[in-house]
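Student: Provided herewith: final.txt, compact mmCIF, C-alpha atoms.
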```
# COMPACT_ATOMS: atom_id res chain seq x y z
CA MET A 1 58.52 88.74 37.20
CA THR A 2 61.68 89.86 39.00
CA ASP A 3 62.93 87.71 41.88
CA ALA A 4 61.70 90.22 44.44
CA ARG A 5 58.22 90.18 42.94
CA THR A 6 58.22 86.38 42.82
CA VAL A 7 59.10 86.24 46.53
CA ARG A 8 56.42 88.79 47.35
CA SER A 9 53.87 86.88 45.32
CA ALA A 10 54.75 83.60 47.08
CA GLY A 11 54.28 85.37 50.41
CA THR A 12 50.90 86.67 49.31
CA ARG A 13 49.81 83.20 48.21
CA GLU A 14 50.87 81.77 51.58
CA ALA A 15 48.97 84.50 53.45
CA ILE A 16 45.83 83.89 51.39
CA MET A 17 46.00 80.13 51.90
CA ALA A 18 46.46 80.52 55.66
CA ALA A 19 43.55 82.96 55.94
CA ALA A 20 41.29 80.81 53.75
CA GLU A 21 42.10 77.64 55.67
CA ARG A 22 41.19 79.26 58.98
CA LEU A 23 38.01 80.95 57.72
CA TYR A 24 36.81 77.84 55.87
CA ALA A 25 37.54 75.67 58.92
CA GLU A 26 35.55 77.97 61.20
CA HIS A 27 32.62 78.94 58.97
CA GLY A 28 32.40 76.35 56.20
CA LEU A 29 33.22 76.72 52.52
CA VAL A 30 29.97 78.30 51.42
CA ALA A 31 29.75 81.01 54.07
CA VAL A 32 33.14 82.61 53.30
CA SER A 33 33.61 85.03 50.40
CA ASN A 34 36.81 85.67 48.48
CA ARG A 35 36.58 89.27 49.67
CA GLN A 36 36.64 88.15 53.32
CA ILE A 37 39.66 85.97 52.62
CA SER A 38 41.53 88.79 50.89
CA GLU A 39 40.80 91.11 53.80
CA ALA A 40 41.81 88.54 56.45
CA ALA A 41 45.04 87.95 54.50
CA GLY A 42 45.79 91.68 54.71
CA GLN A 43 45.39 92.26 50.97
CA GLY A 44 44.30 95.77 49.98
CA ASN A 45 42.99 94.39 46.71
CA VAL A 46 39.80 92.39 47.35
CA ALA A 47 40.33 90.56 44.04
CA ALA A 48 43.63 89.07 45.32
CA VAL A 49 42.18 85.56 45.72
CA GLY A 50 40.96 85.43 42.15
CA TYR A 51 44.22 86.87 40.86
CA HIS A 52 46.43 84.39 42.70
CA PHE A 53 44.27 81.26 42.65
CA GLY A 54 41.33 81.48 40.25
CA THR A 55 38.18 79.83 41.56
CA ARG A 56 37.29 78.72 45.08
CA ALA A 57 37.90 75.09 44.01
CA ASP A 58 41.42 76.05 42.83
CA LEU A 59 42.14 77.71 46.19
CA VAL A 60 40.85 74.70 48.15
CA ARG A 61 42.94 72.36 46.00
CA ALA A 62 46.06 74.46 46.56
CA ILE A 63 45.59 74.32 50.34
CA MET A 64 44.91 70.58 50.31
CA ARG A 65 47.89 69.99 48.03
CA LYS A 66 50.26 71.83 50.36
CA HIS A 67 49.26 69.58 53.26
CA SER A 68 49.03 66.38 51.28
CA GLU A 69 52.56 66.82 49.93
CA ALA A 70 53.85 66.93 53.50
CA ILE A 71 51.65 64.00 54.53
CA GLU A 72 52.69 61.87 51.55
CA GLU A 73 56.37 62.43 52.34
CA ILE A 74 55.76 60.89 55.77
CA ARG A 75 53.72 58.09 54.20
CA ARG A 76 56.46 57.32 51.66
CA ARG A 77 58.86 56.56 54.52
CA MET A 78 56.27 54.52 56.46
CA ALA A 79 55.16 52.53 53.41
CA GLU A 80 58.78 51.62 52.71
CA GLU A 81 59.14 50.26 56.24
CA THR A 82 55.84 48.39 55.90
CA ARG A 83 56.46 46.92 52.43
CA GLY A 84 55.89 43.17 52.39
CA SER A 85 53.75 43.14 55.54
CA GLU A 86 50.57 41.12 55.47
CA GLU A 87 49.27 42.56 58.74
CA VAL A 88 46.16 44.71 58.35
CA ARG A 89 47.19 46.79 61.34
CA ASP A 90 50.54 47.75 59.76
CA TRP A 91 48.83 49.14 56.65
CA VAL A 92 46.12 50.86 58.68
CA ALA A 93 48.91 52.62 60.56
CA CYS A 94 50.25 53.79 57.18
CA LEU A 95 46.82 55.23 56.49
CA VAL A 96 46.37 56.97 59.85
CA ARG A 97 49.75 58.04 61.15
CA PRO A 98 51.00 60.35 58.37
CA ALA A 99 48.03 62.67 58.95
CA THR A 100 48.43 62.78 62.74
CA GLU A 101 52.20 63.20 62.48
CA HIS A 102 51.66 66.15 60.12
CA LEU A 103 49.05 67.65 62.46
CA ALA A 104 51.52 67.37 65.35
CA THR A 105 54.00 69.52 63.39
CA LEU A 106 51.43 72.30 62.87
CA GLY A 107 51.27 73.31 66.55
CA VAL A 108 48.24 74.73 68.38
CA PRO A 109 45.93 76.12 67.14
CA SER A 110 45.91 74.44 63.74
CA TRP A 111 43.02 74.52 61.27
CA TYR A 112 43.85 71.85 58.73
CA ALA A 113 41.86 68.97 60.27
CA ARG A 114 38.70 71.09 60.52
CA PHE A 115 39.28 72.48 57.03
CA ALA A 116 39.54 68.89 55.75
CA VAL A 117 36.14 68.08 57.31
CA GLN A 118 34.59 70.93 55.33
CA VAL A 119 36.20 69.69 52.12
CA MET A 120 35.18 66.08 52.77
CA THR A 121 31.54 67.04 53.37
CA ASP A 122 31.32 68.98 50.08
CA PRO A 123 30.43 66.37 47.43
CA VAL A 124 32.10 68.15 44.50
CA LEU A 125 35.29 69.18 46.26
CA ARG A 126 35.61 65.81 47.94
CA ALA A 127 35.61 64.11 44.55
CA ILE A 128 38.27 66.48 43.20
CA VAL A 129 40.49 66.15 46.24
CA THR A 130 40.09 62.37 46.46
CA ASP A 131 40.94 61.90 42.77
CA GLU A 132 44.04 64.01 43.26
CA ALA A 133 45.05 62.11 46.42
CA LEU A 134 44.78 58.81 44.58
CA THR A 135 47.45 59.90 42.10
CA ARG A 136 50.01 59.91 44.92
CA GLU A 137 52.25 56.88 45.00
CA PRO A 138 52.59 56.40 48.79
CA LEU A 139 48.80 56.42 49.28
CA ARG A 140 48.35 54.05 46.33
CA GLU A 141 50.91 51.66 47.76
CA THR A 142 49.20 51.82 51.18
CA LEU A 143 45.74 51.12 49.77
CA HIS A 144 47.18 48.33 47.65
CA GLY A 145 48.92 46.78 50.66
CA LEU A 146 45.76 47.07 52.74
CA GLY A 147 43.58 45.66 49.96
CA GLY A 148 45.89 42.66 49.71
CA CYS A 149 45.25 41.82 53.37
CA LEU A 150 41.48 42.23 52.96
CA ASP A 151 40.80 40.28 49.79
CA ALA A 152 38.46 37.94 51.67
CA LEU A 153 35.98 40.84 51.97
CA PRO A 154 33.47 41.47 49.16
CA ALA A 155 34.57 44.52 47.14
CA GLU A 156 31.53 46.60 48.09
CA VAL A 157 32.02 45.92 51.81
CA ARG A 158 35.68 46.93 51.49
CA ALA A 159 34.68 50.15 49.75
CA GLU A 160 32.04 51.00 52.35
CA ARG A 161 34.37 50.27 55.27
CA GLY A 162 37.02 52.36 53.53
CA ASP A 163 34.53 55.26 53.64
CA MET A 164 33.97 54.62 57.34
CA ALA A 165 37.71 54.55 58.04
CA ARG A 166 38.14 57.86 56.23
CA GLN A 167 35.29 59.36 58.24
CA LEU A 168 36.77 58.19 61.52
CA ILE A 169 40.21 59.60 60.70
CA THR A 170 38.83 62.91 59.43
CA HIS A 171 36.40 63.55 62.27
CA THR A 172 38.50 62.21 65.14
CA CYS A 173 41.39 64.45 64.06
CA ALA A 174 39.06 67.45 63.70
CA GLU A 175 37.57 66.90 67.16
CA ARG A 176 41.01 66.68 68.70
CA GLU A 177 42.20 69.77 66.82
CA ARG A 178 39.17 71.72 68.03
CA ALA A 179 39.65 70.59 71.63
CA LEU A 180 43.34 71.61 71.53
CA ALA A 181 42.47 74.99 69.99
CA GLU A 182 39.78 75.65 72.60
CA GLY A 183 41.78 74.28 75.52
CA THR A 184 39.16 71.67 76.42
CA SER A 185 39.96 68.10 77.43
CA THR A 186 41.18 65.54 74.88
CA ARG A 187 40.81 61.76 74.95
CA GLN A 188 44.52 61.16 74.34
CA PRO A 189 47.66 63.00 75.54
CA SER A 190 49.21 63.27 72.06
CA TRP A 191 48.60 62.93 68.33
CA TYR A 192 50.79 59.85 68.48
CA ASP A 193 48.41 58.18 70.92
CA THR A 194 45.38 59.32 68.92
CA ALA A 195 46.87 57.53 65.91
CA GLY A 196 47.35 54.36 67.96
CA ALA A 197 43.74 54.38 69.17
CA LEU A 198 42.44 55.05 65.64
CA THR A 199 44.64 52.32 64.19
CA ASP A 200 43.31 49.74 66.66
CA ALA A 201 39.70 50.75 66.05
CA ILE A 202 39.93 50.88 62.25
CA THR A 203 41.69 47.51 62.14
CA GLY A 204 38.79 46.01 64.11
CA LEU A 205 36.25 47.74 61.88
CA LEU A 206 37.87 46.44 58.68
CA LEU A 207 38.22 42.89 59.94
CA ALA A 208 34.71 42.61 61.41
CA PRO A 209 32.66 39.61 60.23
CA VAL A 210 30.10 40.45 57.57
CA THR A 211 26.58 39.48 58.55
CA ARG A 212 24.58 38.04 55.69
CA ARG A 213 21.24 39.71 55.17
CA SER A 214 18.25 37.44 55.09
CA PRO A 215 16.06 37.92 52.01
CA ALA A 216 13.03 38.66 54.20
CA LYS A 217 14.85 41.52 55.86
CA GLU A 218 16.07 42.90 52.55
CA ALA A 219 12.53 43.87 51.67
CA ARG A 220 12.34 46.26 54.62
CA THR A 221 13.40 49.88 54.31
CA MET B 1 -5.47 80.56 74.85
CA THR B 2 -8.57 79.28 73.08
CA ASP B 3 -8.37 75.86 71.42
CA ALA B 4 -8.17 77.43 67.97
CA ARG B 5 -5.25 79.60 69.02
CA THR B 6 -3.51 76.61 70.61
CA VAL B 7 -3.82 74.67 67.37
CA ARG B 8 -2.54 77.62 65.33
CA SER B 9 0.36 78.06 67.71
CA ALA B 10 1.29 74.37 67.48
CA GLY B 11 1.24 74.67 63.68
CA THR B 12 3.51 77.70 63.83
CA ARG B 13 5.95 75.87 66.10
CA GLU B 14 6.04 72.92 63.68
CA ALA B 15 6.65 75.22 60.71
CA ILE B 16 9.47 77.00 62.51
CA MET B 17 11.12 73.74 63.56
CA ALA B 18 10.93 72.35 60.01
CA ALA B 19 12.39 75.52 58.50
CA ALA B 20 15.14 75.72 61.12
CA GLU B 21 16.09 72.07 60.71
CA ARG B 22 16.48 72.48 56.96
CA LEU B 23 18.38 75.78 57.12
CA TYR B 24 20.68 74.58 59.91
CA ALA B 25 21.35 71.32 58.06
CA GLU B 26 22.28 73.17 54.87
CA HIS B 27 24.18 76.16 56.23
CA GLY B 28 25.29 75.32 59.77
CA LEU B 29 24.01 76.67 63.06
CA VAL B 30 26.06 79.85 63.12
CA ALA B 31 25.26 81.06 59.60
CA VAL B 32 21.47 81.08 60.02
CA SER B 33 19.64 83.93 61.76
CA ASN B 34 16.32 83.72 63.59
CA ARG B 35 14.99 86.22 61.06
CA GLN B 36 15.83 83.86 58.17
CA ILE B 37 14.09 81.02 59.97
CA SER B 38 10.97 83.09 60.61
CA GLU B 39 10.84 84.12 56.96
CA ALA B 40 11.42 80.57 55.67
CA ALA B 41 8.62 79.40 57.99
CA GLY B 42 6.28 81.93 56.39
CA GLN B 43 5.97 84.03 59.54
CA GLY B 44 5.23 87.71 58.96
CA ASN B 45 6.67 88.50 62.38
CA VAL B 46 10.48 88.13 62.25
CA ALA B 47 10.51 87.72 66.05
CA ALA B 48 8.42 84.53 65.81
CA VAL B 49 11.36 82.25 66.68
CA GLY B 50 12.12 84.11 69.87
CA TYR B 51 8.43 84.28 70.81
CA HIS B 52 7.82 80.55 70.33
CA PHE B 53 11.17 79.08 71.40
CA GLY B 54 13.41 81.53 73.21
CA THR B 55 17.09 81.16 72.35
CA ARG B 56 18.74 79.32 69.47
CA ALA B 57 19.75 76.58 71.94
CA ASP B 58 16.11 76.18 73.00
CA LEU B 59 15.05 75.84 69.35
CA VAL B 60 17.77 73.26 68.62
CA ARG B 61 16.78 71.28 71.71
CA ALA B 62 13.12 71.30 70.69
CA ILE B 63 13.99 69.91 67.23
CA MET B 64 16.30 67.26 68.67
CA ARG B 65 13.71 66.32 71.29
CA LYS B 66 11.01 65.79 68.67
CA HIS B 67 13.22 63.30 66.80
CA SER B 68 14.68 61.64 69.84
CA GLU B 69 11.25 60.91 71.28
CA ALA B 70 10.42 58.99 68.10
CA ILE B 71 13.81 57.26 68.10
CA GLU B 72 13.57 56.27 71.76
CA GLU B 73 10.16 54.71 71.19
CA ILE B 74 11.75 52.41 68.59
CA ARG B 75 14.67 51.74 70.93
CA ARG B 76 12.35 50.86 73.81
CA ARG B 77 10.86 48.02 71.76
CA MET B 78 14.30 46.84 70.53
CA ALA B 79 15.88 46.96 73.99
CA GLU B 80 13.03 44.87 75.36
CA GLU B 81 13.70 42.22 72.71
CA THR B 82 17.43 42.37 73.40
CA ARG B 83 17.22 42.29 77.20
CA GLY B 84 19.43 39.58 78.67
CA SER B 85 21.65 39.29 75.59
CA GLU B 86 25.40 39.19 76.14
CA GLU B 87 26.20 39.63 72.44
CA VAL B 88 27.92 42.94 71.64
CA ARG B 89 26.35 42.96 68.20
CA ASP B 90 22.79 42.79 69.60
CA TRP B 91 23.35 45.90 71.72
CA VAL B 92 25.15 47.73 68.92
CA ALA B 93 22.07 47.09 66.78
CA CYS B 94 19.99 48.75 69.54
CA LEU B 95 22.30 51.73 69.27
CA VAL B 96 22.24 52.01 65.46
CA ARG B 97 18.89 50.80 64.20
CA PRO B 98 16.44 53.14 65.95
CA ALA B 99 18.07 56.13 64.21
CA THR B 100 18.05 54.55 60.74
CA GLU B 101 14.50 53.25 61.21
CA HIS B 102 13.39 56.77 62.14
CA LEU B 103 15.23 58.24 59.14
CA ALA B 104 13.48 55.75 56.86
CA THR B 105 10.10 57.09 58.05
CA LEU B 106 11.02 60.69 57.17
CA GLY B 107 11.10 60.12 53.40
CA VAL B 108 13.29 61.94 50.86
CA PRO B 109 14.56 64.57 51.22
CA SER B 110 15.01 64.59 54.97
CA TRP B 111 17.27 66.95 56.92
CA TYR B 112 17.53 65.45 60.38
CA ALA B 113 20.76 63.47 59.88
CA ARG B 114 22.59 66.51 58.53
CA PHE B 115 21.09 68.72 61.22
CA ALA B 116 22.38 66.24 63.83
CA VAL B 117 25.91 66.56 62.38
CA GLN B 118 25.75 70.32 62.92
CA VAL B 119 24.59 69.85 66.49
CA MET B 120 27.21 67.19 67.22
CA THR B 121 30.05 69.40 65.94
CA ASP B 122 29.01 72.32 68.16
CA PRO B 123 30.72 71.72 71.51
CA VAL B 124 28.12 73.52 73.65
CA LEU B 125 25.02 72.16 71.96
CA ARG B 126 26.47 68.67 71.80
CA ALA B 127 26.91 68.67 75.56
CA ILE B 128 23.34 69.85 76.12
CA VAL B 129 21.84 67.36 73.70
CA THR B 130 23.96 64.46 74.96
CA ASP B 131 23.04 65.14 78.58
CA GLU B 132 19.39 65.21 77.62
CA ALA B 133 19.69 61.99 75.57
CA LEU B 134 21.25 60.20 78.54
CA THR B 135 18.15 60.83 80.64
CA ARG B 136 16.16 58.55 78.31
CA GLU B 137 15.60 55.07 79.67
CA PRO B 138 15.90 53.03 76.42
CA LEU B 139 19.28 54.60 75.59
CA ARG B 140 20.48 54.08 79.16
CA GLU B 141 19.46 50.44 79.06
CA THR B 142 21.24 50.01 75.71
CA LEU B 143 24.47 51.60 76.91
CA HIS B 144 24.28 49.55 80.10
CA GLY B 145 23.77 46.34 78.13
CA LEU B 146 26.62 47.19 75.79
CA GLY B 147 28.90 48.16 78.66
CA GLY B 148 28.22 44.82 80.31
CA CYS B 149 29.55 43.00 77.23
CA LEU B 150 32.64 45.22 77.05
CA ASP B 151 33.80 45.22 80.66
CA ALA B 152 37.15 43.71 79.63
CA LEU B 153 38.03 47.05 77.96
CA PRO B 154 39.66 49.81 80.03
CA ALA B 155 37.09 52.52 80.77
CA GLU B 156 38.91 55.22 78.79
CA VAL B 157 39.16 52.97 75.71
CA ARG B 158 35.45 52.21 75.99
CA ALA B 159 34.67 55.93 76.20
CA GLU B 160 36.87 56.80 73.21
CA ARG B 161 35.43 54.00 71.08
CA GLY B 162 31.97 55.13 72.10
CA ASP B 163 32.85 58.55 70.61
CA MET B 164 34.00 56.84 67.43
CA ALA B 165 30.80 54.78 67.19
CA ARG B 166 28.73 57.94 67.59
CA GLN B 167 30.76 59.67 64.86
CA LEU B 168 30.30 56.75 62.49
CA ILE B 169 26.55 56.61 63.03
CA THR B 170 26.11 60.38 62.73
CA HIS B 171 28.26 60.88 59.63
CA THR B 172 27.30 57.72 57.77
CA CYS B 173 23.61 58.59 58.17
CA ALA B 174 24.25 62.20 57.08
CA GLU B 175 26.17 61.09 53.98
CA ARG B 176 23.41 58.71 53.01
CA GLU B 177 20.75 61.37 53.63
CA ARG B 178 22.63 63.85 51.45
CA ALA B 179 23.10 61.31 48.65
CA LEU B 180 19.38 60.48 48.71
CA ALA B 181 18.43 64.17 48.69
CA GLU B 182 20.78 64.91 45.79
CA GLY B 183 19.94 61.74 43.87
CA THR B 184 23.54 60.51 43.81
CA SER B 185 24.56 56.90 44.37
CA THR B 186 24.41 55.31 47.83
CA ARG B 187 26.46 52.44 49.23
CA GLN B 188 23.39 50.51 50.38
CA PRO B 189 19.93 50.07 48.89
CA SER B 190 18.08 50.93 52.12
CA TRP B 191 18.38 52.40 55.60
CA TYR B 192 17.88 48.88 56.90
CA ASP B 193 21.00 47.68 55.07
CA THR B 194 22.94 50.76 56.14
CA ALA B 195 22.15 49.85 59.74
CA GLY B 196 23.40 46.30 59.17
CA ALA B 197 26.69 47.50 57.70
CA LEU B 198 27.17 50.01 60.53
CA THR B 199 26.34 47.41 63.16
CA ASP B 200 28.94 44.98 61.78
CA ALA B 201 31.61 47.69 61.57
CA ILE B 202 30.97 49.18 65.02
CA THR B 203 30.94 45.73 66.61
CA GLY B 204 34.39 45.10 65.11
CA LEU B 205 35.61 48.51 66.21
CA LEU B 206 34.45 48.00 69.82
CA LEU B 207 35.92 44.51 70.09
CA ALA B 208 39.30 45.33 68.49
CA PRO B 209 42.36 44.36 70.55
CA VAL B 210 43.95 47.25 72.42
CA THR B 211 47.62 47.76 71.56
CA ARG B 212 49.70 48.66 74.59
CA ARG B 213 51.83 51.75 74.10
CA SER B 214 55.49 51.36 74.83
CA PRO B 215 56.82 53.98 77.30
CA ALA B 216 59.40 55.15 74.74
CA LYS B 217 56.68 55.92 72.27
CA GLU B 218 54.60 57.74 74.84
CA ALA B 219 57.15 60.51 74.92
CA ARG B 220 56.60 61.31 71.23
CA THR B 221 53.98 63.78 70.07
```
Starting from the file, give its structure as structure tokens.
Tutor:
Amino acid sequence: MTDARTVRSAGTREAIMAAAERLYAEHGLVAVSNRQISEAAGQGNVAAVGYHFGTRADLVRAIMRKHSEAIEEIRRRMAEETRGSEEVRDWVACLVRPATEHLATLGVPSWYARFAVQVMTDPVLRAIVTDEALTREPLRETLHGLGGCLDALPAEVRAERGDMARQLITHTCAERERALAEGTSTRQPSWYDTAGALTDAITGLLLAPVTRRSPAKEART
Amino acid sequence: MTDARTVRSAGTREAIMAAAERLYAEHGLVAVSNRQISEAAGQGNVAAVGYHFGTRADLVRAIMRKHSEAIEEIRRRMAEETRGSEEVRDWVACLVRPATEHLATLGVPSWYARFAVQVMTDPVLRAIVTDEALTREPLRETLHGLGGCLDALPAEVRAERGDMARQLITHTCAERERALAEGTSTRQPSWYDTAGALTDAITGLLLAPVTRRSPAKEART
């Protein structure tokens, strides 16, 4: 390709990703066709999505990757500052704050947080996106640092509470993003404060005592 | 109406609610038309939904009401047993366990937990359903009991953490319901154990220390 065509193609890819992110966030992954995305992106050719991205999973991964690169850059800096800490709360902040800081840069309305909810509630795409996220060094360092502070917890409790933390981050951010987009009231004045509230809550959740189940109760459904 | 017609009409209402719950749970509230619901419910008349329920909001409320009556009956018994307790965990259990106990009675596959996610992510329907839920005495007693144990928390922190607890219950139940329906692995062997894990985690979340924000940080976004 010539340089001019490369630039035009990059612009087309950006337009398709932006249109897809918004449509997926609003209507869910299943309800939106590649044709609708091509049209919303202003592409005359309704096959533009397939041409530029391949499958729906490839398009979703490309959108997630764009955001996660920005988020992981923020996390790299935070993890460096946190290195050596044995405070759960410090590592939870490394988990929460990069996402909210990135969302703050996107302005209003943004769609990424609601798009991420759709991805995280699709079992197949969630697995793909999670596997990819776990290859990133700043996230690995954060999870490692956090795990080191929580080694008193049984592994399966840690895994389950990790799921819960992810759910809280994903859905709290999506609710705030929706409220900002629709101009309704928000619990916190800023993304920064949202991160602080989430960090407190998730720290408490992770550190909560584990109640032993009595054998009699285990038999119940 | 004659008795026979009343019985037939009640059966039609049940069939429509079951079809709507499943379709809404799978595709979201917006993507499903009343015509699709009528057809899935085996109704020759595509206007059956409108005839039996009125608007989409009326249909959603009827489905939610059916479940919440069953849930509140369980909660009434639990709240009675818990009355007088000043333990946060006891009241959190009253919040969590009625829903999981109800879900356990529905068998596999069920759709209610995923339907509830759709309702709770629709701002208008959530408000309607929440207002209606708050008229129910067992839930009011539970929230009052819980509030009494948490009166050291600032009101706005209590409200925000209440949102988070609701999100955790809703989404954890929906993920488990989906995993059971699809035959994939679940974190816990039973709904009873899921409730225990949620109760521990939410108790920790509610009791977490509140970090004061420094004024300098408040200016950031």
Student: Do you know which residues are at most 6 Å from stretch 23-30 of chain B counting all atoms listed in the file, after dropping those on the same chain fewer than 6 positions away, and could you put them as a list of chain:residue names?
Tutor: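 In the requested format, the answer is B:Arg114, B:Phe115, B:Gln118.
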Student: Looking at A:Ala165, A:Val96, A:Ala15, A:Ala10, which one is nearest to chain B, with distances taken over only C-alpha atoms?
Tutor: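 Under the stated criterion, the closest residue is A:Ala165.
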Student: For chain A against chain B, which residues fall within 6 Å using all atoms listed in the file, given as a list in words?
Tutor: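 Contact residues on the first chain: Ser190, Trp191, Tyr192, Ala201, Gly204, Leu205, Ala208 and Thr221 of chain A.
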Student: Quick one: residues within 12 Å of A:Ile128, all atoms listed in the file counted, chain neighbours fewer than 3 positions away excluded, as an NGL selection string?
Tutor: :A and (57-58 or 60-62 or 64-65 or 119-120 or 122-125 or 131-135)
Student: For the residues in the current selection, export C-alpha atoms as an mmCIF file, in the frame of the given file.
Tutor:
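The resulting part-v5.cif:
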```cif
data_model
loop_
_atom_site.group_PDB
_atom_site.id
_atom_site.type_symbol
_atom_site.label_atom_id
_atom_site.label_comp_id
_atom_site.auth_asym_id
_atom_site.auth_seq_id
_atom_site.Cartn_x
_atom_site.Cartn_y
_atom_site.Cartn_z
ATOM 1 C CA ALA A 57 37.900 75.090 44.010
ATOM 2 C CA ASP A 58 41.420 76.050 42.830
ATOM 3 C CA VAL A 60 40.850 74.700 48.150
ATOM 4 C CA ARG A 61 42.940 72.360 46.000
ATOM 5 C CA ALA A 62 46.060 74.460 46.560
ATOM 6 C CA MET A 64 44.910 70.580 50.310
ATOM 7 C CA ARG A 65 47.890 69.990 48.030
ATOM 8 C CA VAL A 119 36.200 69.690 52.120
ATOM 9 C CA MET A 120 35.180 66.080 52.770
ATOM 10 C CA ASP A 122 31.320 68.980 50.080
ATOM 11 C CA PRO A 123 30.430 66.370 47.430
ATOM 12 C CA VAL A 124 32.100 68.150 44.500
ATOM 13 C CA LEU A 125 35.290 69.180 46.260
ATOM 14 C CA ASP A 131 40.940 61.900 42.770
ATOM 15 C CA GLU A 132 44.040 64.010 43.260
ATOM 16 C CA ALA A 133 45.050 62.110 46.420
ATOM 17 C CA LEU A 134 44.780 58.810 44.580
ATOM 18 C CA THR A 135 47.450 59.900 42.100
#
```
Student: Give me the box for stretch 87-103 of chain B as lines of an AutoDock Vina configuration file, namely the centre and edge lengths in Å to one decimal of a box along x, y and z that holds every listed atom plus 3 Å on each side.
Tutor:
```
center_x = 20.7
center_y = 48.9
center_z = 65.8
size_x = 20.5
size_y = 24.6
size_z = 19.3
```
